[in-house]
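Heads up, the thing below is written out as structure tokens.
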Amino acid sequence: WYNARTPLPDNYRYMPSYTGDRLTEEAWLKADARYTQIRWDELIAQNRMSDGDARYALEDRVSRPLTGDVALMFESRLDGLLLRYGVRGTYHRTRHYKEMNDLLGASFLTDIDQYLIDDDSYANQLENNLQNPSRRITEGERFGYDYALVRGEGAAFMEARWQRERLTVKVGGEIGTATIYRRGYYEKELFAGTASLGRSRTIRLNPYRLKGSVGYAFSPRSYLELTLAAGAETPLEAHLFLQPQYNNRSIASPTEENFYAVQGTYRRRHERFDVELTAFLTTRLDGVESTRYFDDLSGEYADLVMAELGTMSYGVEGALQWRPAYRWTVALAASWGSYRYMRDAQVSIFADTDNRPIEERAVSHLRDCRIGGAPTVTAAASVRYYGPRGWGFRLSGGYAGGRYVDASPLRRTDRVARQNGTTPEAFEAFTHQERLEDAVTLDAGIFKSIYVGSHTLFLSVQATNLLGREQRSYGYESLRSMRVGEDTAALRMPQPSRYLYALPRTLSLGVSWRF
């Protein structure tokens with residue numbers, strides 16, 4: 001919809017993802033077609049009355065990845081010591097652009113920034129590509145943005161394994177270099193010249209990885225292992241730029257994400273059962289993320305950079321596979337863990353139109369918030385039966401508890417939480433992390449193999465979510481806020497969290513032919 005205030009669809013009250021409007025919610029629950037369906041005829045009619053230029057259109061956002069890997073590895077054996085060592089290189093390039101899918105009855109779409117038309121300051125800088133201004137786009141053509149993110153990596157690595165009777169020692173390491181840059185194929189008028197066109201500055205990072213483990217076999221069926229690891233990883237390319245769609249500017253201080261981990265594992269094998277127990281601790285520091293959003297306090301589209309993100313995860317896991325009889329298998333698994341932010345983060349906000357700082361290096365009080373989507377407690381069980389003549393069935397269930405929505409660092413800055421949270425209730429709404437309801441699943445399946453000479457016909461019927469529950473699989477806090485009340489003293493409150501839902505009760509039939 002090219003006559004919108006911002007390009008985020010969930011800003012609008014009449015979209016299904018907006019949950020703060022009672023009348024809209026009731027319309028969706030009643031399956032009112034005026035809300036639940038798109039009136040395509042009306043969109044086409046509006047386009048045909050617009051002198052050829054589309055008001056509505058369907059676009060494809062295309063990503064075309066290209067990856068190449070090369071490695072040279074050697075192996076040596078020296079009296080119980082196995083060495084593997086070598087070098088490797090990786091080239092990864094992803095081209096991103098928009099492509100016109102359907103003009104919905106219009107003749108063309110002018111390739112300008114539709115969201116700046118009503119902007120008092122930037123309405124005279126609308127061109128998406130100064131190399132071909134005001135081009136009329138037809139179906140199948142690229143428009144809007146066109147750029148590539150490129151990452152090249154090279155590393156030298158070594159692995160050593162030494163075994164003596166019941167003791168096994170393994171060590172390994174890798175040290176490398178990474179270069180990342182953006183190449184723009186359009187010259188955006190807001191960022192004319194090399195600010196959007198051509199190659200950006202090259203970001204150079206030095207990732208590495210170290211790992212060591214010691215294992216001891218108490219018997220051929222019983223084994224204990226302790227593993228230590230540390231390293232620095234390269235962030236995703238898109239997080240290193242303010243707005244990669246049309247801006248060559250990278251974040252101020254690109255850095256590697258450091259991690260430290262320790263894990264202990266015990267395995268026991270038996271004729272009737274296998275057991276595995278694991279305890280782990282992982283710390284990640286100096287994480288970097290960036291995103292785009294509409295900033296309600298400044299009233300403009302903005303680029304958000306979150307830096308110095310730090311998390312700590314620790315817990316225990318256990319799994320048991322039991323074979324009570326020849327054709328029966330029972331599997332059980334459970335875990336408990338704590339997944340939290342271990343320190344406050346830093347938040348910087350820049351105006352999307354000119355990179356003007358709105359807020360720099362603000363403290364986000366993220367410490368002790370839970371990592372979104374990671375359950376504190378999980379449990380799973382399944383029973384399988386493999387019958388004669390190629391048939392069998394499976395029944396499984398699962399539980400996940402202690403899950404929270406993904407926390408927004410922006411909402412926990414003084415600028416947002418304290419400026420908006422003028423009452424205890426409003427402050428609590430901006431800083432409280434919502435807990436998702438516990439999830440329970442029950443699935444079943446039956447299958448049959450039919451042998452036809454040397455070929456196999458495999459039939460299966462799978463039923464998922466037999467309980468038919470509506471369950472939220474993931475949620476995240478909205479970056480936006482809304483005004484509650486009509487007068488000038490009205491409060492600002494955060495918009496409701498956004499949710500993704502697990503599939504409803506689903507029945508599927510599978511047929512395969514093996515030859």
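To be explicit about the labels: the chains of the structure tokens are called A, B, and onward in the order shown, and within each one the residues are counted from 1, while ligands get numbers from 1 in the order they are shown.
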As a ChimeraX atom specification, which residues of range 419-508 of chain A does DSSP assign to strand (DSSP E or B)? /A:435,439-452,455-464,472-476,481-484,491-494,498-501,506-508
Need to verify the contact set: Leu81 in chain A, 10 Å, only C-alpha atoms, exclusion of same-chain residues closer than 6 positions in sequence. Can you return it as number ranges by chain? A: 160-164, 169-170
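Going from CA of Phe241 in chain A to CA of Val87 in chain A covers 29.2 Å.
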Could you list, as a CSV table (one decimal) with all heavy atoms, in the first residue's frame, every residue within 8 Å of range 392-405 of chain A, counting only C-alpha atoms and ignoring same-chain residues fewer than 2 positions away?
```csv
chain,number,residue,atom,x,y,z
A,370,ARG,N,14.8,-12.6,30.4
A,370,ARG,CA,15.0,-13.9,29.8
A,370,ARG,C,15.2,-13.8,28.3
A,370,ARG,O,14.7,-12.8,27.6
A,370,ARG,CB,13.8,-14.8,30.0
A,370,ARG,CG,13.8,-15.5,31.4
A,370,ARG,CD,13.3,-14.6,32.5
A,370,ARG,NE,13.0,-15.3,33.7
A,370,ARG,CZ,12.5,-14.8,34.8
A,370,ARG,NH1,12.3,-13.5,34.8
A,370,ARG,NH2,12.3,-15.6,35.8
A,371,ILE,N,15.9,-14.7,27.7
A,371,ILE,CA,16.1,-14.8,26.3
A,371,ILE,C,14.8,-15.3,25.7
A,371,ILE,O,14.3,-16.4,26.1
A,371,ILE,CB,17.3,-15.7,25.9
A,371,ILE,CG1,18.6,-15.1,26.5
A,371,ILE,CG2,17.4,-15.8,24.4
A,371,ILE,CD1,19.8,-16.0,26.3
A,372,GLY,N,14.2,-14.6,24.7
A,372,GLY,CA,12.9,-15.0,24.2
A,372,GLY,C,12.9,-16.3,23.5
A,372,GLY,O,13.8,-16.7,22.8
A,373,GLY,N,11.8,-17.1,23.8
A,373,GLY,CA,11.6,-18.4,23.1
A,373,GLY,C,12.3,-19.6,23.7
A,373,GLY,O,12.1,-20.7,23.3
A,374,ALA,N,13.2,-19.3,24.7
A,374,ALA,CA,14.0,-20.4,25.3
A,374,ALA,C,13.2,-20.9,26.5
A,374,ALA,O,13.1,-20.2,27.5
A,374,ALA,CB,15.4,-20.0,25.7
A,375,PRO,N,12.7,-22.1,26.6
A,375,PRO,CA,11.9,-22.6,27.7
A,375,PRO,C,12.8,-23.0,28.9
A,375,PRO,O,13.9,-23.5,28.7
A,375,PRO,CB,11.2,-23.8,27.1
A,375,PRO,CG,12.0,-24.3,26.0
A,375,PRO,CD,12.7,-23.1,25.5
A,376,THR,N,12.3,-22.7,30.1
A,376,THR,CA,13.1,-23.1,31.3
A,376,THR,C,13.0,-24.6,31.5
A,376,THR,O,14.0,-25.2,31.8
A,376,THR,CB,12.5,-22.4,32.5
A,376,THR,OG1,12.5,-21.0,32.3
A,376,THR,CG2,13.2,-22.7,33.8
A,377,VAL,N,11.8,-25.2,31.3
A,377,VAL,CA,11.7,-26.7,31.5
A,377,VAL,C,11.1,-27.3,30.2
A,377,VAL,O,10.1,-26.7,29.6
A,377,VAL,CB,10.7,-26.9,32.7
A,377,VAL,CG1,10.5,-28.4,32.9
A,377,VAL,CG2,11.3,-26.3,34.0
A,378,THR,N,11.6,-28.4,29.8
A,378,THR,CA,11.0,-29.1,28.7
A,378,THR,C,11.0,-30.6,29.1
A,378,THR,O,11.7,-31.1,29.9
A,378,THR,CB,11.8,-29.0,27.4
A,378,THR,OG1,13.1,-29.6,27.6
A,378,THR,CG2,12.0,-27.6,27.0
A,379,ALA,N,10.0,-31.3,28.5
A,379,ALA,CA,9.9,-32.8,28.6
A,379,ALA,C,9.3,-33.3,27.4
A,379,ALA,O,8.4,-32.7,26.7
A,379,ALA,CB,9.1,-33.1,29.8
A,380,ALA,N,9.7,-34.5,27.0
A,380,ALA,CA,9.2,-35.2,25.8
A,380,ALA,C,9.2,-36.7,26.0
A,380,ALA,O,10.1,-37.2,26.6
A,380,ALA,CB,10.0,-34.8,24.5
A,381,ALA,N,8.3,-37.3,25.4
A,381,ALA,CA,8.2,-38.8,25.4
A,381,ALA,C,7.6,-39.3,24.1
A,381,ALA,O,6.7,-38.7,23.5
A,381,ALA,CB,7.4,-39.2,26.6
A,382,SER,N,8.1,-40.5,23.7
A,382,SER,CA,7.5,-41.1,22.5
A,382,SER,C,7.6,-42.6,22.6
A,382,SER,O,8.5,-43.1,23.3
A,382,SER,CB,8.3,-40.6,21.2
A,382,SER,OG,9.6,-41.2,21.2
A,383,VAL,N,6.6,-43.3,22.0
A,383,VAL,CA,6.5,-44.7,22.0
A,383,VAL,C,6.4,-45.1,20.5
A,383,VAL,O,5.6,-44.6,19.8
A,383,VAL,CB,5.3,-45.2,22.8
A,383,VAL,CG1,5.3,-46.8,22.6
A,383,VAL,CG2,5.4,-44.8,24.2
A,384,ARG,N,7.3,-46.0,20.1
A,384,ARG,CA,7.3,-46.5,18.7
A,384,ARG,C,7.1,-48.0,18.7
A,384,ARG,O,7.7,-48.7,19.5
A,384,ARG,CB,8.6,-46.1,18.0
A,384,ARG,CG,8.7,-44.7,17.7
A,384,ARG,CD,10.1,-44.4,17.0
A,384,ARG,NE,10.3,-43.0,16.7
A,384,ARG,CZ,10.0,-42.5,15.5
A,384,ARG,NH1,9.5,-43.3,14.5
A,384,ARG,NH2,10.2,-41.2,15.3
A,385,TYR,N,6.3,-48.5,17.7
A,385,TYR,CA,6.2,-49.9,17.5
A,385,TYR,C,6.4,-50.3,16.1
A,385,TYR,O,5.8,-49.7,15.2
A,385,TYR,CB,4.8,-50.4,18.0
A,385,TYR,CG,4.5,-51.8,17.7
A,385,TYR,CD1,5.1,-52.8,18.5
A,385,TYR,CD2,3.7,-52.2,16.6
A,385,TYR,CE1,4.8,-54.2,18.2
A,385,TYR,CE2,3.5,-53.6,16.3
A,385,TYR,CZ,4.1,-54.5,17.2
A,385,TYR,OH,3.8,-55.9,16.9
A,386,TYR,N,7.3,-51.2,15.8
A,386,TYR,CA,7.6,-51.7,14.5
A,386,TYR,C,7.1,-53.1,14.4
A,386,TYR,O,7.7,-54.0,14.9
A,386,TYR,CB,9.1,-51.6,14.2
A,386,TYR,CG,9.7,-50.2,14.3
A,386,TYR,CD1,10.2,-49.8,15.5
A,386,TYR,CD2,9.8,-49.4,13.2
A,386,TYR,CE1,10.8,-48.5,15.6
A,386,TYR,CE2,10.3,-48.1,13.3
A,386,TYR,CZ,10.8,-47.7,14.5
A,386,TYR,OH,11.3,-46.4,14.6
A,387,GLY,N,5.9,-53.2,13.7
A,387,GLY,CA,5.3,-54.5,13.6
A,387,GLY,C,5.8,-55.3,12.5
A,387,GLY,O,6.6,-54.9,11.7
A,390,GLY,N,6.0,-54.8,7.9
A,390,GLY,CA,6.3,-53.4,7.5
A,390,GLY,C,5.4,-52.3,8.1
A,390,GLY,O,5.4,-51.2,7.6
A,407,ALA,N,12.6,-9.9,24.6
A,407,ALA,CA,12.6,-8.6,25.2
A,407,ALA,C,13.2,-7.5,24.2
A,407,ALA,O,14.1,-7.8,23.5
A,407,ALA,CB,13.5,-8.6,26.5
A,433,GLN,N,8.5,-8.2,31.4
A,433,GLN,CA,8.7,-9.2,30.3
A,433,GLN,C,7.6,-10.2,30.5
A,433,GLN,O,7.5,-10.9,31.5
A,433,GLN,CB,10.0,-9.8,30.3
A,433,GLN,CG,10.3,-10.7,29.1
A,433,GLN,CD,11.7,-11.3,29.1
A,433,GLN,OE1,12.4,-11.3,30.1
A,433,GLN,NE2,12.1,-11.8,28.0
A,434,GLU,N,6.8,-10.3,29.4
A,434,GLU,CA,5.6,-11.2,29.5
A,434,GLU,C,6.0,-12.6,29.4
A,434,GLU,O,6.8,-13.0,28.5
A,434,GLU,CB,4.7,-10.8,28.3
A,434,GLU,CG,3.4,-11.7,28.2
A,434,GLU,CD,2.6,-11.4,27.0
A,434,GLU,OE1,3.0,-10.5,26.2
A,434,GLU,OE2,1.6,-12.2,26.7
A,435,ARG,N,5.4,-13.5,30.2
A,435,ARG,CA,5.6,-14.9,30.1
A,435,ARG,C,4.5,-15.5,29.2
A,435,ARG,O,3.3,-15.3,29.4
A,435,ARG,CB,5.6,-15.5,31.5
A,435,ARG,CG,5.7,-17.0,31.5
A,435,ARG,CD,5.9,-17.6,32.9
A,435,ARG,NE,5.9,-19.1,32.9
A,435,ARG,CZ,6.2,-19.9,33.9
A,435,ARG,NH1,6.5,-19.3,35.1
A,435,ARG,NH2,6.1,-21.2,33.8
A,436,LEU,N,4.9,-16.4,28.3
A,436,LEU,CA,4.0,-17.1,27.5
A,436,LEU,C,3.4,-18.3,28.3
A,436,LEU,O,4.0,-18.8,29.2
A,436,LEU,CB,4.7,-17.7,26.2
A,436,LEU,CG,5.2,-16.6,25.3
A,436,LEU,CD1,6.0,-17.3,24.1
A,436,LEU,CD2,4.1,-15.8,24.7
A,437,GLU,N,2.2,-18.7,27.9
A,437,GLU,CA,1.6,-19.9,28.6
A,437,GLU,C,2.4,-21.1,28.2
A,437,GLU,O,3.0,-21.2,27.2
A,437,GLU,CB,0.1,-20.0,28.2
A,437,GLU,CG,-0.1,-20.4,26.7
A,437,GLU,CD,-0.1,-19.2,25.8
A,437,GLU,OE1,0.3,-18.1,26.2
A,437,GLU,OE2,-0.5,-19.4,24.6
A,438,ASP,N,2.3,-22.1,29.2
A,438,ASP,CA,3.0,-23.4,28.9
A,438,ASP,C,2.4,-24.1,27.7
A,438,ASP,O,1.2,-24.0,27.5
A,438,ASP,CB,2.9,-24.3,30.2
A,438,ASP,CG,3.7,-23.7,31.3
A,438,ASP,OD1,4.4,-22.7,31.1
A,438,ASP,OD2,3.6,-24.2,32.5
A,439,ALA,N,3.2,-24.8,27.0
A,439,ALA,CA,2.7,-25.5,25.8
A,439,ALA,C,2.8,-27.0,26.0
A,439,ALA,O,3.7,-27.6,26.6
A,439,ALA,CB,3.6,-25.1,24.6
A,440,VAL,N,1.7,-27.7,25.5
A,440,VAL,CA,1.6,-29.1,25.6
A,440,VAL,C,1.2,-29.6,24.2
A,440,VAL,O,0.3,-29.1,23.6
A,440,VAL,CB,0.6,-29.6,26.6
A,440,VAL,CG1,0.4,-31.1,26.6
A,440,VAL,CG2,0.9,-29.1,28.0
A,441,THR,N,1.9,-30.7,23.7
A,441,THR,CA,1.6,-31.2,22.4
A,441,THR,C,1.4,-32.7,22.5
A,441,THR,O,1.9,-33.4,23.4
A,441,THR,CB,2.7,-30.9,21.4
A,441,THR,OG1,3.9,-31.6,21.9
A,441,THR,CG2,3.0,-29.5,21.3
A,442,LEU,N,0.6,-33.2,21.6
A,442,LEU,CA,0.4,-34.7,21.5
A,442,LEU,C,0.2,-35.0,20.0
A,442,LEU,O,-0.6,-34.4,19.3
A,442,LEU,CB,-0.9,-35.1,22.2
A,442,LEU,CG,-1.2,-36.6,22.2
A,442,LEU,CD1,-0.1,-37.4,22.9
A,442,LEU,CD2,-2.6,-36.9,22.9
A,443,ASP,N,1.1,-35.9,19.5
A,443,ASP,CA,1.1,-36.3,18.1
A,443,ASP,C,1.0,-37.8,18.0
A,443,ASP,O,1.4,-38.5,18.9
A,443,ASP,CB,2.4,-35.8,17.4
A,443,ASP,CG,2.6,-34.3,17.6
A,443,ASP,OD1,1.6,-33.5,17.7
A,443,ASP,OD2,3.8,-33.9,17.8
A,444,ALA,N,0.6,-38.2,16.8
A,444,ALA,CA,0.5,-39.7,16.5
A,444,ALA,C,0.7,-39.9,15.1
A,444,ALA,O,0.5,-39.0,14.2
A,444,ALA,CB,-0.9,-40.2,17.0
A,445,GLY,N,1.1,-41.1,14.8
A,445,GLY,CA,1.3,-41.5,13.4
A,445,GLY,C,1.3,-43.0,13.2
A,445,GLY,O,1.6,-43.8,14.1
A,446,ILE,N,0.9,-43.4,12.0
A,446,ILE,CA,0.9,-44.8,11.6
A,446,ILE,C,1.5,-44.9,10.2
A,446,ILE,O,1.3,-44.1,9.4
A,446,ILE,CB,-0.5,-45.4,11.7
A,446,ILE,CG1,-0.5,-46.9,11.4
A,446,ILE,CG2,-1.5,-44.7,10.7
A,446,ILE,CD1,-1.8,-47.6,11.7
A,447,PHE,N,2.3,-46.0,10.0
A,447,PHE,CA,3.0,-46.1,8.7
A,447,PHE,C,3.0,-47.6,8.3
A,447,PHE,O,2.8,-48.5,9.1
A,447,PHE,CB,4.4,-45.6,8.8
A,447,PHE,CG,5.2,-46.2,9.9
A,447,PHE,CD1,5.9,-47.4,9.8
A,447,PHE,CD2,5.3,-45.5,11.2
A,447,PHE,CE1,6.7,-47.9,10.8
A,447,PHE,CE2,6.0,-46.1,12.2
A,447,PHE,CZ,6.7,-47.3,12.0
A,448,LYS,N,3.2,-47.8,6.9
A,448,LYS,CA,3.2,-49.1,6.3
A,448,LYS,C,4.2,-49.1,5.2
A,448,LYS,O,4.1,-48.3,4.3
A,448,LYS,CB,1.8,-49.5,5.9
A,448,LYS,CG,1.7,-50.7,5.0
A,448,LYS,CD,2.0,-52.0,5.8
A,448,LYS,CE,1.7,-53.2,4.9
A,448,LYS,NZ,2.0,-54.5,5.6
A,474,TYR,N,6.0,-18.5,19.8
A,474,TYR,CA,7.0,-17.4,19.9
A,474,TYR,C,6.3,-16.1,20.0
A,474,TYR,O,5.2,-15.9,19.5
A,474,TYR,CB,8.0,-17.4,18.7
A,474,TYR,CG,9.0,-16.4,18.8
A,474,TYR,CD1,10.1,-16.4,19.6
A,474,TYR,CD2,8.9,-15.3,17.9
A,474,TYR,CE1,11.1,-15.4,19.7
A,474,TYR,CE2,9.9,-14.3,17.9
A,474,TYR,CZ,11.0,-14.3,18.8
A,474,TYR,OH,11.9,-13.4,18.8
A,475,GLY,N,7.0,-15.2,20.7
A,475,GLY,CA,6.4,-13.8,20.8
A,475,GLY,C,7.6,-12.8,21.0
A,475,GLY,O,8.7,-13.1,21.4
A,476,TYR,N,7.3,-11.6,20.6
A,476,TYR,CA,8.3,-10.5,20.8
A,476,TYR,C,7.6,-9.2,21.1
A,476,TYR,O,6.5,-8.9,20.7
A,476,TYR,CB,9.2,-10.4,19.5
A,476,TYR,CG,8.5,-9.9,18.3
A,476,TYR,CD1,8.4,-8.6,17.9
A,476,TYR,CD2,7.9,-10.8,17.4
A,476,TYR,CE1,7.8,-8.2,16.8
A,476,TYR,CE2,7.2,-10.4,16.3
A,476,TYR,CZ,7.2,-9.1,16.0
A,476,TYR,OH,6.5,-8.7,14.8
A,477,GLU,N,8.3,-8.4,21.9
A,477,GLU,CA,7.8,-7.1,22.2
A,477,GLU,C,7.8,-6.1,21.1
A,477,GLU,O,8.8,-6.0,20.4
A,477,GLU,CB,8.6,-6.5,23.4
A,477,GLU,CG,8.4,-7.3,24.7
A,477,GLU,CD,9.3,-6.8,25.8
A,477,GLU,OE1,10.2,-6.0,25.6
A,477,GLU,OE2,9.1,-7.2,27.0
A,497,SER,N,2.4,-7.1,22.5
A,497,SER,CA,3.4,-8.0,21.9
A,497,SER,C,2.8,-8.7,20.6
A,497,SER,O,1.6,-8.9,20.5
A,497,SER,CB,3.8,-9.1,22.9
A,497,SER,OG,4.4,-8.5,24.0
```
Can you tell me which residues surround range 71-77 of chain A at a distance of at most 6 Å, considering only C-alpha atoms, apart from same-chain residues fewer than 5 positions away, and format the answer as a PyMOL selection string? chain A and resi 82-88
Take the residues that were just selected and, keeping all heavy atoms, output them as an mmCIF file, in the first residue's frame.
```cif
data_model
loop_
_atom_site.group_PDB
_atom_site.id
_atom_site.type_symbol
_atom_site.label_atom_id
_atom_site.label_comp_id
_atom_site.auth_asym_id
_atom_site.auth_seq_id
_atom_site.Cartn_x
_atom_site.Cartn_y
_atom_site.Cartn_z
ATOM 1 N N LEU A 82 46.652 -38.430 16.381
ATOM 2 C CA LEU A 82 46.101 -38.140 15.065
ATOM 3 C C LEU A 82 46.016 -36.629 14.889
ATOM 4 O O LEU A 82 45.395 -35.926 15.695
ATOM 5 C CB LEU A 82 44.716 -38.764 14.921
ATOM 6 C CG LEU A 82 43.958 -38.432 13.632
ATOM 7 C CD1 LEU A 82 44.685 -38.954 12.408
ATOM 8 C CD2 LEU A 82 42.524 -38.974 13.689
ATOM 9 N N LEU A 83 46.637 -36.110 13.819
ATOM 10 C CA LEU A 83 46.635 -34.677 13.533
ATOM 11 C C LEU A 83 45.913 -34.414 12.219
ATOM 12 O O LEU A 83 46.161 -35.104 11.211
ATOM 13 C CB LEU A 83 48.066 -34.139 13.429
ATOM 14 C CG LEU A 83 48.904 -34.096 14.701
ATOM 15 C CD1 LEU A 83 50.313 -33.639 14.370
ATOM 16 C CD2 LEU A 83 48.271 -33.164 15.730
ATOM 17 N N ARG A 84 45.017 -33.438 12.230
ATOM 18 C CA ARG A 84 44.402 -32.920 11.011
ATOM 19 C C ARG A 84 44.636 -31.420 10.985
ATOM 20 O O ARG A 84 44.368 -30.727 11.971
ATOM 21 C CB ARG A 84 42.897 -33.223 10.977
ATOM 22 C CG ARG A 84 42.559 -34.693 10.801
ATOM 23 C CD ARG A 84 41.068 -34.865 10.533
ATOM 24 N NE ARG A 84 40.710 -36.263 10.323
ATOM 25 C CZ ARG A 84 40.231 -37.059 11.273
ATOM 26 N NH1 ARG A 84 40.064 -36.589 12.513
ATOM 27 N NH2 ARG A 84 39.936 -38.310 10.999
ATOM 28 N N TYR A 85 45.081 -30.884 9.855
ATOM 29 C CA TYR A 85 45.406 -29.467 9.788
ATOM 30 C C TYR A 85 45.290 -29.006 8.349
ATOM 31 O O TYR A 85 45.334 -29.812 7.405
ATOM 32 C CB TYR A 85 46.811 -29.194 10.333
ATOM 33 C CG TYR A 85 47.870 -30.126 9.778
ATOM 34 C CD1 TYR A 85 48.630 -29.773 8.666
ATOM 35 C CD2 TYR A 85 48.093 -31.369 10.364
ATOM 36 C CE1 TYR A 85 49.585 -30.622 8.149
ATOM 37 C CE2 TYR A 85 49.048 -32.235 9.860
ATOM 38 C CZ TYR A 85 49.788 -31.852 8.745
ATOM 39 O OH TYR A 85 50.728 -32.711 8.241
ATOM 40 N N GLY A 86 45.123 -27.717 8.170
ATOM 41 C CA GLY A 86 44.974 -27.200 6.825
ATOM 42 C C GLY A 86 44.491 -25.764 6.807
ATOM 43 O O GLY A 86 44.543 -25.051 7.822
ATOM 44 N N VAL A 87 43.992 -25.359 5.657
ATOM 45 C CA VAL A 87 43.467 -24.007 5.466
ATOM 46 C C VAL A 87 42.148 -24.108 4.722
ATOM 47 O O VAL A 87 41.884 -25.095 4.007
ATOM 48 C CB VAL A 87 44.450 -23.116 4.673
ATOM 49 C CG1 VAL A 87 45.715 -22.854 5.472
ATOM 50 C CG2 VAL A 87 44.797 -23.758 3.332
ATOM 51 N N ARG A 88 41.312 -23.101 4.876
ATOM 52 C CA ARG A 88 40.031 -23.060 4.173
ATOM 53 C C ARG A 88 39.684 -21.628 3.824
ATOM 54 O O ARG A 88 40.189 -20.665 4.437
ATOM 55 C CB ARG A 88 38.911 -23.650 5.040
ATOM 56 C CG ARG A 88 38.578 -22.840 6.271
ATOM 57 C CD ARG A 88 37.298 -23.307 6.945
ATOM 58 N NE ARG A 88 36.965 -22.454 8.074
ATOM 59 C CZ ARG A 88 36.282 -21.316 7.974
ATOM 60 N NH1 ARG A 88 35.867 -20.896 6.789
ATOM 61 N NH2 ARG A 88 36.012 -20.593 9.050
#
```
Compile the contact shell of Leu126 in chain A as a PyMOL selection string: residues with an atom at most 9 Å away, counting only C-alpha atoms, same-chain residues fewer than 2 positions apart removed. chain A and resi 111-117+122-124+128+134+188-190
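Residues in contact with Asp354 in chain A at up to 12 Å, not including ones fewer than 4 positions away on its chain and judged by only C-alpha atoms, are Ser121, Tyr122, Gln125, Lys188, Glu189, Leu190, Phe191, Ala192, Ala195, Ser196, Leu242, Gln243, Tyr246, Asn247, Arg249, Glu300, Tyr301, Ala302, Asp303, Ile349, Phe350 and Ile358 of chain A.
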Taking only range 274-463 of chain A into account, list the residues labelled helix (DSSP H, G or I) by DSSP (computed from the backbone), as number ranges by chain. A: 388-390, 410-412, 414-420, 424-431
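Proximity ranking of A:Trp513, A:Tyr216, A:Trp40, A:Phe259 relative to Gly231 in chain A places A:Phe259 first, based on only C-alpha atoms.
Interatomic distance, CA of Leu297 in chain A to CA of Ser348 in chain A: 14.4 Å.
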Could you name the residues that touch Ser63 in chain A at 8 Å or less, counting only C-alpha atoms, but leaving out those on the same chain fewer than 4 positions away, as a short mmCIF file (atom, residue, chain, number, x, y, z; two decimals) with all heavy atoms, in the first residue's frame?
```
data_model
loop_
_atom_site.label_atom_id
_atom_site.label_comp_id
_atom_site.auth_asym_id
_atom_site.auth_seq_id
_atom_site.Cartn_x
_atom_site.Cartn_y
_atom_site.Cartn_z
N THR A 94 25.20 -12.27 -1.19
CA THR A 94 23.75 -12.34 -1.35
C THR A 94 23.26 -11.04 -1.97
O THR A 94 23.47 -9.95 -1.42
CB THR A 94 23.04 -12.58 -0.01
OG1 THR A 94 23.55 -13.77 0.59
CG2 THR A 94 21.55 -12.74 -0.21
N ARG A 95 22.61 -11.17 -3.10
CA ARG A 95 22.04 -10.01 -3.80
C ARG A 95 20.59 -9.86 -3.33
O ARG A 95 19.82 -10.82 -3.33
CB ARG A 95 22.09 -10.26 -5.30
CG ARG A 95 21.62 -9.09 -6.17
CD ARG A 95 22.70 -8.07 -6.40
NE ARG A 95 22.29 -7.05 -7.38
CZ ARG A 95 22.72 -7.00 -8.64
NH1 ARG A 95 23.55 -7.94 -9.09
NH2 ARG A 95 22.33 -6.04 -9.45
N HIS A 96 20.22 -8.64 -2.94
CA HIS A 96 18.87 -8.34 -2.47
C HIS A 96 18.25 -7.27 -3.37
O HIS A 96 18.89 -6.24 -3.64
CB HIS A 96 18.89 -7.81 -1.02
CG HIS A 96 19.54 -8.75 -0.04
ND1 HIS A 96 18.84 -9.70 0.67
CD2 HIS A 96 20.83 -8.85 0.35
CE1 HIS A 96 19.67 -10.35 1.45
NE2 HIS A 96 20.88 -9.87 1.29
N TYR A 97 17.00 -7.49 -3.77
CA TYR A 97 16.31 -6.46 -4.55
C TYR A 97 14.81 -6.73 -4.52
O TYR A 97 14.37 -7.82 -4.13
CB TYR A 97 16.80 -6.42 -5.99
CG TYR A 97 16.71 -7.73 -6.74
CD1 TYR A 97 15.55 -8.11 -7.41
CD2 TYR A 97 17.79 -8.60 -6.76
CE1 TYR A 97 15.47 -9.31 -8.09
CE2 TYR A 97 17.73 -9.81 -7.44
CZ TYR A 97 16.57 -10.15 -8.11
OH TYR A 97 16.49 -11.35 -8.77
#
```
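The spacing separating CA of Gly173 in chain A from CA of Phe157 in chain A amounts to 5.7 Å.
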